[in-house]
Amino acid sequence: MKKILILALVFSLSSCAQVQQTLNQLPQLSSQLPGIGGVDIASGLKEALNKGITEQVSKLTAVDGFYKNEAVKILMPAELQKVDATLRKIGLSSLADEGIKVLNRAAEDAVKEATPIFVSAVKNMSFTDAKNILLGNDSAATSYLQNSTTTALYGKFNPVIKSSFEKVGADVVWKNIITKYNTIPLVKKVNPDLTDYTTNQALAGVFKMISVEEKDIRNNISARTTPLLKSVFAMQDGK
């Protein structure tokens, strides 16, 4: 029972594009746990899934999902902090702002690729994984997803971000920024790998928001808005 209930928690941290795919897997899951009706599981998972979608992960895929969320907004990498300061000092604040905005736009595009990988991670979860998550700390589910999906997510995010840079004109914006900066006398020339940087920042943002939702459900009874979530965390409360 614990395994199927905790699956609901982790599925709740996925995205709605995969709802049907997820539900299609339910008969297989229910057959492993006698006494649990497939229809009830499907309803419970759909409710839990919709909560996670609505409140956290899907927000990151919207326009300004990263850019206007101070918790995950992508800023210039450390090596370019001087670039940012210098551009603003010489009257190019708008160029610096645009450079930051296009990094965030690329991340918003990339996060749309996360859901199938989360589905795969949950499908491969063992009973021991589920038990450890249920009885673990406030970020146990997030840590499980992070450990089991980061490599695959990077592989998905990276090309999307590269393509998004081209789509939103980030490659042109950043070429202009770097070119202007490198022509300033006496500055140390820079040539950062912004695709890699933005990919890693997008990953960090996804897991940060998942962690926020997980912590809320674990510690805030009112956040357990479905009978399934209430059942899951009643077990956790009594661990």
# chains A, B, ... in the order shown; residues from 1 in each chain; ligands from 1
>>> residues_around(residues="A:Asp97", least_positions_apart="4", cutoff="12 Å", atoms="only C-alpha atoms", output="VMD selection string")
chain A and resid 67 74 to 76 83 to 85 87 to 88 91 to 93 101 to 104 170 173 to 174 177
>>> closest_residue(among="A:Tyr181, A:Phe118, A:Tyr197, A:Phe165", to="A:Lys82", atoms="only C-alpha atoms")
A:Tyr181
>>> residues_around(residues="A:Ser148", least_positions_apart="5", cutoff="10 Å", atoms="only C-alpha atoms", output="list in words")
Ile117, Phe118, Ser120, Ala121, Val122, Asn124, Met125, Thr142, Ser143 and Leu153 of chain A
>>> closest_atom_pairs(of="stretch 124-175 of chain A", to="stretch 200-208 of chain A", cutoff="10 Å", atoms="only C-alpha atoms", output="Markdown table")
| residue | atom | partner | partner_atom | distance |
| --- | --- | --- | --- | --- |
| A:Ser139 | CA | A:Phe207 | CA | 9.7 |
| A:Thr142 | CA | A:Phe207 | CA | 6.5 |
| A:Ser143 | CA | A:Phe207 | CA | 8.4 |
| A:Leu145 | CA | A:Phe207 | CA | 8.3 |
| A:Gln146 | CA | A:Phe207 | CA | 6.9 |
| A:Thr149 | CA | A:Leu203 | CA | 10.0 |
| A:Thr150 | CA | A:Leu203 | CA | 7.5 |
| A:Leu153 | CA | A:Leu203 | CA | 7.5 |
| A:Tyr154 | CA | A:Asn200 | CA | 7.4 |
| A:Phe157 | CA | A:Ala202 | CA | 8.1 |
| A:Asn158 | CA | A:Asn200 | CA | 8.8 |
| A:Ile161 | CA | A:Ala202 | CA | 9.4 |
>>> write_last_selection(atoms="all heavy atoms", output="compact mmCIF listing (two decimals), in the first residue's frame")
# COMPACT_ATOMS: atom_id res chain seq x y z
N SER A 139 12.65 16.54 1.88
CA SER A 139 12.99 16.58 0.46
C SER A 139 13.33 15.19 -0.09
O SER A 139 14.01 15.07 -1.10
CB SER A 139 14.16 17.54 0.22
OG SER A 139 15.31 17.11 0.95
N THR A 142 12.03 14.63 -3.64
CA THR A 142 12.81 15.49 -4.54
C THR A 142 14.19 14.90 -4.77
O THR A 142 14.68 14.86 -5.91
CB THR A 142 12.94 16.91 -3.95
OG1 THR A 142 11.64 17.42 -3.67
CG2 THR A 142 13.65 17.83 -4.93
N SER A 143 14.83 14.43 -3.71
CA SER A 143 16.16 13.84 -3.83
C SER A 143 16.14 12.59 -4.69
O SER A 143 17.04 12.37 -5.51
CB SER A 143 16.72 13.51 -2.45
OG SER A 143 16.92 14.68 -1.69
N LEU A 145 14.02 11.92 -7.14
CA LEU A 145 13.89 12.36 -8.53
C LEU A 145 15.19 12.96 -9.05
O LEU A 145 15.59 12.71 -10.18
CB LEU A 145 12.76 13.39 -8.65
CG LEU A 145 11.34 12.84 -8.61
CD1 LEU A 145 10.35 13.99 -8.70
CD2 LEU A 145 11.10 11.86 -9.73
N GLN A 146 15.84 13.75 -8.22
CA GLN A 146 17.08 14.40 -8.63
C GLN A 146 18.14 13.36 -8.95
O GLN A 146 18.82 13.44 -9.98
CB GLN A 146 17.56 15.34 -7.53
CG GLN A 146 18.62 16.33 -7.98
CD GLN A 146 18.75 17.49 -7.02
OE1 GLN A 146 18.16 17.50 -5.94
NE2 GLN A 146 19.52 18.49 -7.39
N THR A 149 16.98 11.25 -12.21
CA THR A 149 16.59 11.88 -13.48
C THR A 149 17.55 12.95 -14.00
O THR A 149 17.43 13.37 -15.16
CB THR A 149 15.20 12.54 -13.36
OG1 THR A 149 15.26 13.62 -12.40
CG2 THR A 149 14.15 11.54 -12.93
N THR A 150 18.49 13.42 -13.18
CA THR A 150 19.30 14.57 -13.59
C THR A 150 20.04 14.34 -14.90
O THR A 150 20.03 15.21 -15.79
CB THR A 150 20.30 14.95 -12.48
OG1 THR A 150 19.57 15.43 -11.34
CG2 THR A 150 21.25 16.05 -12.95
N LEU A 153 17.52 14.35 -17.74
CA LEU A 153 16.97 15.69 -17.93
C LEU A 153 17.97 16.61 -18.60
O LEU A 153 17.61 17.41 -19.47
CB LEU A 153 16.54 16.27 -16.58
CG LEU A 153 15.28 15.70 -15.94
CD1 LEU A 153 15.10 16.26 -14.54
CD2 LEU A 153 14.05 15.98 -16.79
N TYR A 154 19.23 16.52 -18.20
CA TYR A 154 20.26 17.35 -18.83
C TYR A 154 20.29 17.05 -20.33
O TYR A 154 20.36 17.97 -21.15
CB TYR A 154 21.62 17.09 -18.20
CG TYR A 154 22.70 18.02 -18.74
CD1 TYR A 154 23.07 19.16 -18.04
CD2 TYR A 154 23.33 17.77 -19.97
CE1 TYR A 154 24.03 20.03 -18.54
CE2 TYR A 154 24.29 18.63 -20.48
CZ TYR A 154 24.64 19.76 -19.75
OH TYR A 154 25.59 20.62 -20.27
N PHE A 157 17.17 18.71 -21.78
CA PHE A 157 17.13 20.17 -21.67
C PHE A 157 18.14 20.85 -22.59
O PHE A 157 17.86 21.88 -23.20
CB PHE A 157 17.42 20.59 -20.23
CG PHE A 157 16.27 20.44 -19.27
CD1 PHE A 157 15.17 19.66 -19.58
CD2 PHE A 157 16.30 21.06 -18.03
CE1 PHE A 157 14.12 19.51 -18.69
CE2 PHE A 157 15.25 20.92 -17.13
CZ PHE A 157 14.17 20.14 -17.46
N ASN A 158 19.35 20.31 -22.65
CA ASN A 158 20.45 20.99 -23.32
C ASN A 158 20.14 21.34 -24.78
O ASN A 158 20.28 22.51 -25.18
CB ASN A 158 21.73 20.18 -23.20
CG ASN A 158 22.96 20.97 -23.58
OD1 ASN A 158 23.42 20.92 -24.71
ND2 ASN A 158 23.51 21.72 -22.63
N ILE A 161 17.40 24.04 -25.00
CA ILE A 161 17.90 25.37 -24.65
C ILE A 161 18.72 25.95 -25.81
O ILE A 161 18.58 27.13 -26.15
CB ILE A 161 18.71 25.30 -23.35
CG1 ILE A 161 17.73 25.17 -22.17
CG2 ILE A 161 19.59 26.53 -23.17
CD1 ILE A 161 18.38 24.89 -20.84
>>> closest_residue(among="A:Lys73, A:Lys156, A:Lys167, A:Lys175", to="A:Ile100", atoms="only C-alpha atoms")
A:Lys73
>>> atom_distance(atom1="atom CA of A:Ile210", atom2="atom CA of A:Glu166")
28.5 Å
